[in-house]
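Trainee: There's a structure below that I have some questions on.
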Amino acid sequence: MSVMTGHLSGKGKAFSFPSPARPAERGAILRVAGWRLRPATGRDEGFLRTLYASLRAEELRPSGWSDQAKADFCNSQFDLQHADWTSRYPLAQFLLIMHGERRIGRLYVDLSSSVVRLIDIGLLPDWQGKGIGSAVLRTLQAWAQAVGGQVGLSVLDDNLRALALYQRAGFVISGQTGMHWQMVWQPAPLEA
């Protein structure tokens, strides 16, 4: 597998994603109505780190840690998460959600089987609550329906906002793994 690489600012370690798929290999990159998606590259590392830290800010606020300790923690957690997801989902599409030319979020999704796997969706705080997550879920549901499959995802059991979004979109809890609810959406059966 070839990879796209970049370098961590001042750290000398390679930052990479699996190469984007050719459409014939595993389907065209998703299109989400009203938003442009593009493959993430090593050049997006700084944005992705900033996004990750913004997604953890509320959780870390009461920690009493210094700003530097929070930044160090977020950087180490980002590195671990990135390494895990790129190795566990080598056929995934690692996409940025764009508003014009501005990066506003990320969408990591594996479309390589009939079970569409939503690995992660994250938006900068100013872009949350604007219907983007719902649009992404509708797109994934349409994709799954077209291939005769379902959509699966995991959500932290204390992420009540995300849990509510997924339940409104028709996802149901199918189990629990550690601190994560496993959720699934299945299209309604066709009537005979």
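So you can find residues: chains in the structure tokens are A, B, ... in the order shown, residues in each start at 1, and ligands are numbered from 1 in order.
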Would you give me, as a VMD selection string, the residues in segment 32-76 of chain A that DSSP reads as helix (DSSP H, G or I)?

Mentor: chain A and resid 42 to 63 67 to 76

Trainee: Using C-alpha atoms, can you write the selected residues to a file as a PDB file, in the first residue's frame?

Mentor:
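Contents of again.pdb, freshly written:
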```
ATOM      1  CA  GLY A  42      -0.045  15.124   5.307  1.00  0.00           C
ATOM      2  CA  ARG A  43      -0.357  18.878   4.659  1.00  0.00           C
ATOM      3  CA  ASP A  44      -3.573  18.847   6.728  1.00  0.00           C
ATOM      4  CA  GLU A  45      -1.880  17.635   9.889  1.00  0.00           C
ATOM      5  CA  GLY A  46      -1.909  21.008  11.661  1.00  0.00           C
ATOM      6  CA  PHE A  47      -5.609  21.497  10.968  1.00  0.00           C
ATOM      7  CA  LEU A  48      -6.430  17.954  12.095  1.00  0.00           C
ATOM      8  CA  ARG A  49      -4.529  18.434  15.356  1.00  0.00           C
ATOM      9  CA  THR A  50      -6.337  21.741  15.989  1.00  0.00           C
ATOM     10  CA  LEU A  51      -9.679  20.091  15.221  1.00  0.00           C
ATOM     11  CA  TYR A  52      -8.922  17.193  17.563  1.00  0.00           C
ATOM     12  CA  ALA A  53      -7.967  19.570  20.395  1.00  0.00           C
ATOM     13  CA  SER A  54     -11.192  21.545  19.853  1.00  0.00           C
ATOM     14  CA  LEU A  55     -13.204  18.327  20.135  1.00  0.00           C
ATOM     15  CA  ARG A  56     -11.562  17.500  23.476  1.00  0.00           C
ATOM     16  CA  ALA A  57     -11.587  21.071  24.929  1.00  0.00           C
ATOM     17  CA  GLU A  58     -14.831  20.787  26.903  1.00  0.00           C
ATOM     18  CA  GLU A  59     -13.775  17.472  28.410  1.00  0.00           C
ATOM     19  CA  LEU A  60     -10.380  18.857  29.458  1.00  0.00           C
ATOM     20  CA  ARG A  61     -11.631  22.200  30.786  1.00  0.00           C
ATOM     21  CA  PRO A  62     -12.152  20.999  34.413  1.00  0.00           C
ATOM     22  CA  SER A  63      -8.871  19.028  34.481  1.00  0.00           C
ATOM     23  CA  ASP A  67      -2.570  24.799  28.497  1.00  0.00           C
ATOM     24  CA  GLN A  68       0.718  23.085  27.620  1.00  0.00           C
ATOM     25  CA  ALA A  69      -0.284  19.877  29.436  1.00  0.00           C
ATOM     26  CA  LYS A  70      -3.621  19.868  27.572  1.00  0.00           C
ATOM     27  CA  ALA A  71      -1.822  20.426  24.248  1.00  0.00           C
ATOM     28  CA  ASP A  72       0.674  17.642  24.980  1.00  0.00           C
ATOM     29  CA  PHE A  73      -2.152  15.276  25.959  1.00  0.00           C
ATOM     30  CA  CYS A  74      -4.164  16.088  22.822  1.00  0.00           C
ATOM     31  CA  ASN A  75      -1.116  15.633  20.595  1.00  0.00           C
ATOM     32  CA  SER A  76      -0.300  12.224  22.086  1.00  0.00           C
TER      33      SER A  76
END
```

Trainee: Can you list, as a PyMOL selection string, every residue of chain A that DSSP puts in strand (DSSP E)?

Mentor: chain A and resi 3-7+14-18+36-39+93-99+102-110+115-123+150-156+172-177+180-185

Trainee: Between segment 112-171 of chain A and segment 94-99 of chain A, at 10 Å or less, what are the per-residue closest atom pairs and their distances in Å? Count only C-alpha atoms, order by chain and rising residue number, and return it as a tab-separated table.

Mentor:
```
residue	atom	partner	partner_atom	distance
A:Ile119	CA	A:Phe94	CA	9.3
A:Asp120	CA	A:Phe94	CA	9.3
A:Ile121	CA	A:Ile97	CA	9.2
A:Gly122	CA	A:Ile97	CA	9.0
A:Leu123	CA	A:Ile97	CA	8.1
A:Trp127	CA	A:His99	CA	9.7
A:Ile132	CA	A:Ile97	CA	9.2
A:Val136	CA	A:Ile97	CA	9.8
```

Trainee: Got a sec: who's within 10 Å of Ala162 of chain A, counting only C-alpha atoms, leaving out chain neighbours fewer than 6 positions off, as a PyMOL selection string?

Mentor: chain A and resi 121+133+155-156+168

Trainee: Only C-alpha atoms, please: the residues just picked out, written as a JSON list (two decimals), in the first residue's frame.

Mentor:
```json
[["chain", "number", "residue", "atom", "x", "y", "z"],
["A", 121, "ILE", "CA", -17.01, 12.80, 12.02],
["A", 133, "GLY", "CA", -23.68, 15.84, 10.64],
["A", 155, "VAL", "CA", -19.95, 6.43, 20.05],
["A", 156, "LEU", "CA", -18.63, 7.09, 23.55],
["A", 168, "ARG", "CA", -32.75, 10.87, 15.46]]
```

Trainee: Rounded to one decimal in Å, what is the spacing between atom CA of Met183 of chain A and atom CA of Ser16 of chain A?

Mentor: 28.6 Å

Trainee: Could you give me, as a list in words, the residues within 8 Å of segment 109-117 of chain A, counting only C-alpha atoms and dropping anything in the same chain fewer than 2 positions from it?

Mentor: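 Near neighbours after the sequence-gap exclusion: Arg26, Gly27, Tyr89, Leu91, Ala92, Gln93, Phe94, Leu107, Ile119, Asp120, Leu140, Trp143, Ala144, Val147, Gly148, Gly149, Gln150, Val151, Gly152 and Leu153 of chain A.
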